[in-house]
$ cat query_12.txt   # compact mmCIF, C-alpha atoms
# COMPACT_ATOMS: atom_id res chain seq x y z
CA ARG A 12 37.89 60.51 160.84
CA HIS A 13 41.58 60.90 160.11
CA GLN A 14 42.66 61.07 163.76
CA THR A 15 44.02 58.25 165.88
CA GLU A 16 43.34 57.38 169.51
CA ARG A 17 46.41 59.44 170.48
CA ASP A 18 44.89 62.61 169.04
CA VAL A 19 42.48 65.11 170.63
CA VAL A 20 39.36 66.75 169.25
CA VAL A 21 37.55 69.69 170.91
CA LEU A 22 33.82 69.71 170.16
CA ASN A 23 30.81 71.83 171.10
CA GLY A 24 28.57 69.66 173.28
CA ASP A 25 25.68 72.12 172.91
CA ASP A 26 25.65 71.69 169.15
CA ALA A 27 23.87 68.82 167.36
CA TYR A 28 26.76 68.39 164.92
CA GLY A 29 29.25 68.36 167.78
CA ARG A 30 27.32 65.66 169.60
CA GLN A 31 27.15 63.57 166.44
CA TRP A 32 30.89 63.91 165.81
CA MET A 33 31.60 62.84 169.38
CA THR A 34 30.24 59.39 168.58
CA GLU A 35 32.31 59.15 165.39
CA ALA A 36 35.66 60.50 166.56
CA PRO A 37 38.33 57.80 167.08
CA SER A 38 40.37 60.23 169.21
CA ARG A 39 40.03 61.59 172.74
CA VAL A 40 37.02 63.93 172.79
CA LEU A 41 37.08 67.11 174.88
CA PRO A 42 33.58 68.63 174.86
CA PHE A 43 32.73 72.16 175.92
CA GLY A 44 29.31 73.63 176.58
CA TRP A 45 27.33 76.14 178.56
CA LYS A 46 26.36 73.77 181.38
CA ARG A 47 28.35 70.58 180.91
CA GLY A 48 31.57 69.28 179.39
CA ALA A 49 35.30 69.25 180.07
CA ALA A 50 34.97 73.04 180.00
CA HIS A 51 31.72 74.73 180.97
CA MET A 52 30.06 77.50 182.95
CA ARG A 53 29.26 77.36 186.65
CA GLY A 54 27.20 80.46 187.28
CA THR A 55 29.42 83.26 186.00
CA ASP A 56 32.60 81.19 186.41
CA MET A 57 34.36 79.54 183.48
CA VAL A 58 35.70 76.18 184.60
CA VAL A 59 37.78 73.39 183.09
CA ARG A 60 38.26 69.84 184.24
CA ALA A 61 41.63 69.17 185.84
CA GLY A 62 41.99 65.50 186.73
CA LYS A 63 38.83 64.47 188.57
CA ARG A 64 37.94 67.99 189.66
CA ASP A 65 36.78 71.20 188.03
CA ALA A 66 39.18 74.15 188.22
CA ARG A 67 37.94 77.74 188.01
CA LEU A 68 39.51 79.84 185.26
CA ILE A 69 37.99 83.34 185.29
CA ARG A 70 34.58 85.00 185.47
CA THR A 71 32.86 85.94 182.22
CA ASP A 72 32.96 89.62 183.22
CA GLN A 73 36.76 89.39 183.35
CA LEU A 74 36.87 88.36 179.69
CA SER A 75 37.32 91.34 177.39
CA LEU A 76 35.33 89.60 174.64
CA LEU A 77 31.62 90.40 174.51
CA GLY A 78 28.89 87.81 174.22
CA ARG A 79 27.99 84.28 175.18
CA HIS A 80 29.36 82.91 171.91
CA ASN A 81 32.79 84.36 172.71
CA ALA A 82 32.72 82.80 176.18
CA MET A 83 32.22 79.46 174.42
CA ASN A 84 35.10 80.26 172.06
CA ALA A 85 37.29 80.96 175.08
CA LEU A 86 36.35 77.64 176.70
CA ALA A 87 37.23 75.80 173.48
CA ALA A 88 40.58 77.58 173.34
CA ALA A 89 41.23 76.72 176.99
CA LEU A 90 40.66 73.02 176.29
CA ALA A 91 42.95 73.08 173.26
CA ALA A 92 45.67 74.84 175.26
CA GLN A 93 45.29 72.43 178.15
CA ALA A 94 45.57 69.45 175.78
CA ALA A 95 48.76 70.96 174.37
CA GLY A 96 50.29 71.05 177.86
CA VAL A 97 49.69 74.67 178.87
CA THR A 98 49.27 75.15 182.63
CA LEU A 99 46.01 76.41 184.10
CA ALA A 100 47.85 79.46 185.46
CA ASP A 101 49.04 80.39 181.96
CA ILE A 102 45.58 79.74 180.49
CA ARG A 103 44.07 82.12 183.08
CA CYS A 104 46.71 84.71 182.26
CA GLY A 105 46.05 84.42 178.55
CA MET A 106 42.29 84.77 179.00
CA LEU A 107 42.69 87.83 181.23
CA ARG A 108 45.14 89.55 178.86
CA PHE A 109 43.43 88.70 175.57
CA GLN A 110 42.16 91.71 173.63
CA PRO A 111 39.37 91.64 171.04
CA LEU A 112 40.30 91.75 167.38
CA ALA A 113 39.63 95.05 165.66
CA ASP A 114 36.24 95.48 163.97
CA ARG A 115 34.64 92.50 165.72
CA LEU A 116 32.50 93.57 168.68
CA GLU A 117 35.30 96.02 169.44
CA PRO A 118 34.50 98.47 172.26
CA VAL A 119 35.51 101.91 170.99
CA ARG A 120 34.55 104.37 173.69
CA THR A 121 32.11 105.02 176.51
CA VAL A 122 30.60 108.52 176.45
CA ARG A 123 28.22 109.71 179.17
CA GLY A 124 27.55 106.10 180.13
CA VAL A 125 26.84 104.96 176.56
CA LEU A 126 29.05 102.20 175.11
CA TYR A 127 29.98 102.45 171.41
CA VAL A 128 30.95 99.19 169.70
CA ASN A 129 32.50 98.60 166.27
CA ASP A 130 31.28 95.33 164.76
CA THR A 131 31.69 96.28 161.11
CA CYS A 132 32.87 92.75 160.22
CA ALA A 133 29.33 91.49 160.90
CA THR A 134 28.39 91.45 157.21
CA THR A 135 25.70 88.77 157.57
CA PRO A 136 22.47 88.76 159.60
CA ASP A 137 23.82 85.93 161.77
CA GLY A 138 26.71 88.15 162.85
CA THR A 139 24.34 90.97 163.75
CA ILE A 140 22.10 88.59 165.70
CA ALA A 141 25.16 87.51 167.71
CA ALA A 142 25.94 91.17 168.46
CA ILE A 143 22.39 91.82 169.66
CA LYS A 144 22.52 88.81 171.97
CA ALA A 145 25.96 89.82 173.24
CA LEU A 146 24.90 93.35 174.18
CA ARG A 147 21.22 93.16 175.09
CA LYS A 148 21.63 91.49 178.49
CA ASP A 149 23.85 94.22 179.96
CA HIS A 150 22.32 97.31 178.33
CA ARG A 151 18.95 99.03 178.66
CA HIS A 152 18.64 99.90 175.00
CA ILE A 153 20.63 99.01 171.89
CA TRP A 154 20.96 101.47 169.04
CA LEU A 155 21.83 99.23 166.09
CA ILE A 156 23.37 100.74 162.95
CA ALA A 157 22.58 98.27 160.17
CA GLY A 158 22.20 97.91 156.43
CA GLY A 159 24.30 98.37 153.32
CA ALA A 160 24.97 96.41 150.14
CA ASP A 161 23.15 93.15 149.42
CA LYS A 162 24.91 89.78 149.46
CA GLU A 163 21.74 87.91 148.46
CA LEU A 164 20.97 87.07 152.08
CA GLU A 165 17.66 86.70 153.90
CA TYR A 166 16.68 88.82 156.91
CA ARG A 167 13.56 87.12 158.21
CA GLU A 168 15.28 85.58 161.24
CA PHE A 169 17.06 88.85 161.93
CA ALA A 170 13.69 90.64 161.97
CA LYS A 171 12.32 88.06 164.43
CA VAL A 172 15.22 88.69 166.82
CA VAL A 173 14.83 92.47 166.56
CA SER A 174 11.08 92.18 167.14
CA LYS A 175 11.67 90.00 170.19
CA HIS A 176 13.75 92.75 171.82
CA ARG A 177 11.55 95.73 171.03
CA PRO A 178 11.07 98.37 172.40
CA HIS A 179 14.63 98.11 173.74
CA LEU A 180 16.23 97.83 170.29
CA HIS A 181 16.29 100.71 167.82
CA VAL A 182 17.48 100.22 164.24
CA LEU A 183 19.25 103.04 162.40
CA LEU A 184 19.17 101.94 158.76
CA LEU A 185 21.94 102.92 156.36
CA PRO A 186 21.30 103.32 152.61
CA GLY A 187 21.64 100.27 150.35
CA ASP A 188 19.82 97.49 148.53
CA ALA A 189 20.23 95.15 151.52
CA SER A 190 18.64 97.88 153.63
CA LEU A 191 15.54 97.70 151.43
CA LYS A 192 15.23 94.00 152.27
CA ILE A 193 15.86 94.68 155.96
CA ARG A 194 13.28 97.46 155.95
CA ARG A 195 10.67 95.20 154.37
CA GLU A 196 11.19 92.45 156.95
CA LEU A 197 11.28 94.85 159.91
CA LEU A 198 8.09 96.60 158.82
CA ARG A 199 6.38 93.21 158.67
CA ALA A 200 7.58 92.65 162.23
CA ARG A 201 6.26 96.12 163.18
CA VAL A 202 9.66 97.39 164.24
CA HIS A 203 10.26 101.15 164.22
CA LEU A 204 13.11 102.30 161.99
CA HIS A 205 15.29 105.40 161.91
CA PRO A 206 16.55 105.96 158.31
CA VAL A 207 19.98 107.62 158.23
CA ALA A 208 22.03 108.95 155.34
CA SER A 209 25.47 107.81 156.48
CA VAL A 210 27.50 106.29 159.30
CA ASP A 211 28.22 109.81 160.57
CA ASP A 212 24.51 110.62 160.58
CA ALA A 213 23.78 107.36 162.43
CA VAL A 214 26.34 108.10 165.16
CA ILE A 215 25.06 111.66 165.62
CA THR A 216 21.44 110.47 165.76
CA ALA A 217 22.22 107.70 168.25
CA SER A 218 24.38 109.93 170.46
CA ARG A 219 21.54 112.45 170.78
CA ARG A 220 18.99 109.82 171.81
CA ALA A 221 20.98 107.23 173.77
CA VAL A 222 21.17 107.56 177.56
CA ALA A 223 23.46 106.10 180.19
CA GLY A 224 23.22 102.31 180.19
CA ASP A 225 22.61 102.08 176.44
CA ALA A 226 24.89 100.70 173.73
CA VAL A 227 25.40 101.95 170.17
CA VAL A 228 26.75 99.28 167.83
CA LEU A 229 27.71 99.28 164.18
CA SER A 230 26.78 95.72 163.21
CA PRO A 231 25.42 96.11 159.68
CA GLY A 232 24.52 92.56 158.66
CA ALA A 233 25.38 93.59 155.10
CA ALA A 234 28.32 94.47 152.87
CA SER A 235 29.74 97.99 152.60
CA PHE A 236 30.51 98.35 148.92
CA ASN A 237 27.74 100.84 148.19
CA GLN A 238 29.41 103.47 150.40
CA PHE A 239 32.91 102.19 151.24
CA ALA A 240 35.79 100.29 149.68
CA ASN A 241 35.40 97.57 152.31
CA GLU A 242 34.01 96.91 155.80
CA PHE A 243 37.25 98.05 157.47
CA GLU A 244 36.89 101.53 155.97
CA ARG A 245 33.33 101.57 157.28
CA GLY A 246 34.58 100.68 160.76
CA LYS A 247 37.21 103.45 160.65
CA GLN A 248 34.53 105.97 159.73
CA PHE A 249 32.39 104.80 162.65
CA MET A 250 35.27 105.10 165.12
CA LYS A 251 36.19 108.54 163.79
CA ALA A 252 32.60 109.73 164.27
CA VAL A 253 32.46 108.25 167.79
CA ARG A 254 35.67 110.01 168.82
CA LEU A 255 34.16 113.33 167.76
CA ILE A 256 31.30 113.00 170.26
CA ARG A 257 31.68 115.52 173.07
CA ALA A 258 32.01 113.92 176.48

$ encode --input "query_12.txt" --output "structure tokens"
Amino acid sequence: RHQTERDVVVLNGDDAYGRQWMTEAPSRVLPFGWKRGAAHMRGTDMVVRAGKRDARLIRTDQLSLLGRHNAMNALAAALAAQAAGVTLADIRCGMLRFQPLADRLEPVRTVRGVLYVNDTCATTPDGTIAAIKALRKDHRHIWLIAGGADKELEYREFAKVVSKHRPHLHVLLLPGDASLKIRRELLRARVHLHPVASVDDAVITASRRAVAGDAVVLSPGAASFNQFANEFERGKQFMKAVRLIRA
């Protein structure tokens, strides 16, 4: 609303709010989306409009970020960079060299074909749902370490997503009052749980049961204050336990 026609706004064309804002924006709108927009996907290729043609950037498997939502984030960033005058060659270079932020779907180690991922900053069920969707497509089974301290959040939708992916998703539930809520919702959804006493216990349990092609992810969907000073300490403990696994 406060832009002029000389300004640029980058909006998500797959999102209802984004589509509404497109009609209200007085500036030049650059939409991105999974199938259409100034930046979009063509198969596994990420493409951006350059003049009247689409230019290929990189493949999604070349992006070090995990998940469909991060591919969309990368397309939005590409449009913003392009609007600021960055060349397509430099945008490609930046996308290829970009490394994930620590504690956010951060690959830690692959042991005997099992990928271990630190997503300790997922302190809400929505964050954990995003992690499940990011990992499920490329892995046979997901061993999800979840639970912790309550932030007065609801876990009904989380339970629906977990139930949808059973029997390929196993939940290792940490102690905590949020875990009690998660347990209640998952039992209603008839999802099998593996109670664990600590992050160390969860990593040991998962490492004994996971096989090549699986992923083990710490994506708690809850706060950490019942066992740790903060979520970053929880992530450090997870990574320490993962590094102790014998190859």

$ atom_distance --input "query_12.txt" --atom1 "CA of Phe249 in chain A" --atom2 "CA of Val222 in chain A"
18.9 Å

$ residues_near_point --input "query_12.txt" --point "(28.7, 105.1, 171.7)" --cutoff "10 Å" --atoms "all atoms listed in the file" --output "number ranges by chain"
A: 118-129, 154, 214-215, 217-218, 221-222, 225-229, 249-250, 252-254, 256

$ write_last_selection --input "query_12.txt" --atoms "C-alpha atoms" --output "short mmCIF file (atom, residue, chain, number, x, y, z; two decimals), in the coordinates of the input"
data_model
loop_
_atom_site.label_atom_id
_atom_site.label_comp_id
_atom_site.auth_asym_id
_atom_site.auth_seq_id
_atom_site.Cartn_x
_atom_site.Cartn_y
_atom_site.Cartn_z
CA PRO A 118 34.50 98.47 172.26
CA VAL A 119 35.51 101.91 170.99
CA ARG A 120 34.55 104.37 173.69
CA THR A 121 32.11 105.02 176.51
CA VAL A 122 30.60 108.52 176.45
CA ARG A 123 28.22 109.71 179.17
CA GLY A 124 27.55 106.10 180.13
CA VAL A 125 26.84 104.96 176.56
CA LEU A 126 29.05 102.20 175.11
CA TYR A 127 29.98 102.45 171.41
CA VAL A 128 30.95 99.19 169.70
CA ASN A 129 32.50 98.60 166.27
CA TRP A 154 20.96 101.47 169.04
CA VAL A 214 26.34 108.10 165.16
CA ILE A 215 25.06 111.66 165.62
CA ALA A 217 22.22 107.70 168.25
CA SER A 218 24.38 109.93 170.46
CA ALA A 221 20.98 107.23 173.77
CA VAL A 222 21.17 107.56 177.56
CA ASP A 225 22.61 102.08 176.44
CA ALA A 226 24.89 100.70 173.73
CA VAL A 227 25.40 101.95 170.17
CA VAL A 228 26.75 99.28 167.83
CA LEU A 229 27.71 99.28 164.18
CA PHE A 249 32.39 104.80 162.65
CA MET A 250 35.27 105.10 165.12
CA ALA A 252 32.60 109.73 164.27
CA VAL A 253 32.46 108.25 167.79
CA ARG A 254 35.67 110.01 168.82
CA ILE A 256 31.30 113.00 170.26
#

$ residues_around --input "query_12.txt" --residues "range 164-178 of chain A" --least-positions-apart "4" --cutoff "10 Å" --atoms "all atoms listed in the file" --output "PyMOL selection string"
chain A and resi 135-140+143-144+147+152-153+155+182+189-190+192-203+232-233

$ closest_residue --input "query_12.txt" --among "A:Asn23, A:Gln238, A:Thr131, A:Ser75" --to "His51 in chain A" --atoms "only C-alpha atoms"
A:Asn23

$ atom_distance --input "query_12.txt" --atom1 "CA of Arg79 in chain A" --atom2 "CA of Phe243 in chain A"
24.3 Å

$ residues_near_point --input "query_12.txt" --point "(51.2, 67.4, 172.4)" --cutoff "10 Å" --atoms "only C-alpha atoms" --output "MDAnalysis selection string"
chainID A and resid 17:19 92:97

$ residues_around --input "query_12.txt" --residues "Arg67 in chain A" --least-positions-apart "4" --cutoff "8 Å" --atoms "only C-alpha atoms" --output "list in words"
Asp56, Met57, Val58 and Val59 of chain A

$ closest_residue --input "query_12.txt" --among "A:Glu242, A:Leu22, A:Phe236, A:Ala49" --to "Cys132 in chain A" --atoms "only C-alpha atoms"
A:Glu242

$ atom_distance --input "query_12.txt" --atom1 "CA of Arg60 in chain A" --atom2 "CA of Pro42 in chain A"
10.6 Å

$ residues_around --input "query_12.txt" --residues "Ile102 in chain A" --least-positions-apart "5" --cutoff "10 Å" --atoms "all atoms listed in the file" --output "PyMOL selection string"
chain A and resi 68-69+85+88-90+92-93+97+107-108

$ closest_residue --input "query_12.txt" --among "A:Gln31, A:Ser230, A:Gln248, A:Asn241" --to "Leu116 in chain A" --atoms "all atoms listed in the file"
A:Ser230

$ decode --input "query_12.txt" --residues "range 117-236 of chain A" --atoms "C-alpha atoms" --output "compact mmCIF listing (two decimals), in the first residue's frame"
# COMPACT_ATOMS: atom_id res chain seq x y z
CA GLU A 117 20.54 -28.95 9.04
CA PRO A 118 22.05 -32.21 7.73
CA VAL A 119 24.48 -33.39 10.40
CA ARG A 120 25.83 -36.72 9.20
CA THR A 121 25.03 -39.79 7.14
CA VAL A 122 25.84 -43.06 8.90
CA ARG A 123 25.37 -46.43 7.17
CA GLY A 124 23.02 -44.78 4.68
CA VAL A 125 20.90 -43.06 7.35
CA LEU A 126 20.67 -39.25 7.23
CA TYR A 127 20.60 -37.38 10.57
CA VAL A 128 19.04 -33.91 10.51
CA ASN A 129 19.04 -31.20 13.19
CA ASP A 130 15.82 -29.16 13.07
CA THR A 131 15.76 -28.12 16.71
CA CYS A 132 14.43 -24.65 15.80
CA ALA A 133 11.13 -26.27 14.80
CA THR A 134 9.43 -25.39 18.09
CA THR A 135 5.89 -25.41 16.67
CA PRO A 136 3.89 -28.22 15.04
CA ASP A 137 3.86 -26.32 11.73
CA GLY A 138 7.67 -26.42 11.67
CA THR A 139 7.67 -30.16 12.30
CA ILE A 140 5.05 -30.73 9.60
CA ALA A 141 7.33 -28.87 7.15
CA ALA A 142 10.23 -31.15 8.15
CA ILE A 143 8.14 -34.27 7.58
CA LYS A 144 7.10 -33.07 4.13
CA ALA A 145 10.68 -32.09 3.30
CA LEU A 146 12.13 -35.51 4.16
CA ARG A 147 9.39 -38.04 3.46
CA LYS A 148 9.62 -37.99 -0.34
CA ASP A 149 13.28 -39.02 -0.49
CA HIS A 150 13.45 -41.42 2.46
CA ARG A 151 11.90 -44.81 3.15
CA HIS A 152 11.22 -44.17 6.81
CA ILE A 153 11.46 -41.10 9.04
CA TRP A 154 12.41 -41.43 12.68
CA LEU A 155 11.05 -38.23 14.20
CA ILE A 156 12.32 -37.05 17.60
CA ALA A 157 9.58 -34.79 18.95
CA GLY A 158 8.11 -33.32 22.11
CA GLY A 159 9.22 -31.09 24.96
CA ALA A 160 7.81 -28.10 26.83
CA ASP A 161 4.34 -26.77 26.05
CA LYS A 162 3.79 -23.40 24.35
CA GLU A 163 -0.02 -23.73 24.53
CA LEU A 164 -0.17 -25.07 20.98
CA GLU A 165 -2.49 -27.60 19.38
CA TYR A 166 -1.28 -30.83 17.76
CA ARG A 167 -4.35 -32.14 15.98
CA GLU A 168 -3.12 -31.21 12.49
CA PHE A 169 0.32 -32.58 13.31
CA ALA A 170 -1.26 -35.90 14.28
CA LYS A 171 -3.18 -35.99 10.99
CA VAL A 172 0.04 -35.54 9.01
CA VAL A 173 1.84 -38.22 11.02
CA SER A 174 -1.10 -40.60 10.57
CA LYS A 175 -1.11 -39.96 6.83
CA HIS A 176 2.50 -41.15 6.55
CA ARG A 177 2.30 -44.23 8.75
CA PRO A 178 3.79 -46.85 8.79
CA HIS A 179 6.75 -44.97 7.30
CA LEU A 180 6.96 -42.43 10.14
CA HIS A 181 8.03 -43.37 13.65
CA VAL A 182 7.76 -40.89 16.53
CA LEU A 183 10.28 -40.96 19.38
CA LEU A 184 8.66 -38.84 22.08
CA LEU A 185 10.77 -36.83 24.51
CA PRO A 186 9.54 -36.03 28.05
CA GLY A 187 7.48 -32.87 28.61
CA ASP A 188 4.01 -31.43 29.02
CA ALA A 189 3.75 -30.76 25.28
CA SER A 190 4.61 -34.42 24.76
CA LEU A 191 1.54 -35.38 26.78
CA LYS A 192 -0.61 -33.41 24.34
CA ILE A 193 1.21 -34.91 21.36
CA ARG A 194 0.79 -38.41 22.80
CA ARG A 195 -2.94 -37.89 23.29
CA GLU A 196 -3.45 -36.72 19.70
CA LEU A 197 -1.25 -39.44 18.19
CA LEU A 198 -3.01 -42.19 20.14
CA ARG A 199 -6.33 -40.92 18.78
CA ALA A 200 -4.81 -41.19 15.31
CA ARG A 201 -3.60 -44.72 16.16
CA VAL A 202 0.05 -43.87 15.63
CA HIS A 203 2.66 -46.02 17.36
CA LEU A 204 4.97 -44.14 19.72
CA HIS A 205 8.43 -44.84 21.11
CA PRO A 206 8.81 -43.02 24.49
CA VAL A 207 12.41 -41.96 25.15
CA ALA A 208 14.04 -40.44 28.21
CA SER A 209 16.35 -37.97 26.49
CA VAL A 210 17.78 -36.78 23.19
CA ASP A 211 20.68 -39.20 23.66
CA ASP A 212 18.26 -42.07 24.23
CA ALA A 213 16.30 -41.05 21.12
CA VAL A 214 19.41 -41.02 18.91
CA ILE A 215 20.57 -44.40 20.23
CA THR A 216 17.11 -45.93 19.74
CA ALA A 217 16.76 -44.54 16.21
CA SER A 218 20.29 -45.56 15.19
CA ARG A 219 19.60 -49.16 16.22
CA ARG A 220 16.37 -49.39 14.22
CA ALA A 221 16.93 -47.17 11.18
CA VAL A 222 18.24 -48.75 7.97
CA ALA A 223 19.85 -47.37 4.84
CA GLY A 224 17.49 -44.96 3.10
CA ASP A 225 15.93 -43.72 6.34
CA ALA A 226 16.22 -40.29 7.97
CA VAL A 227 16.43 -39.42 11.67
CA VAL A 228 15.35 -35.86 12.42
CA LEU A 229 15.16 -33.84 15.61
CA SER A 230 12.15 -31.63 14.86
CA PRO A 231 10.42 -31.36 18.23
CA GLY A 232 7.42 -29.13 17.53
CA ALA A 233 7.77 -27.89 21.11
CA ALA A 234 10.00 -25.77 23.33
CA SER A 235 13.05 -27.16 25.13
CA PHE A 236 12.92 -25.47 28.52
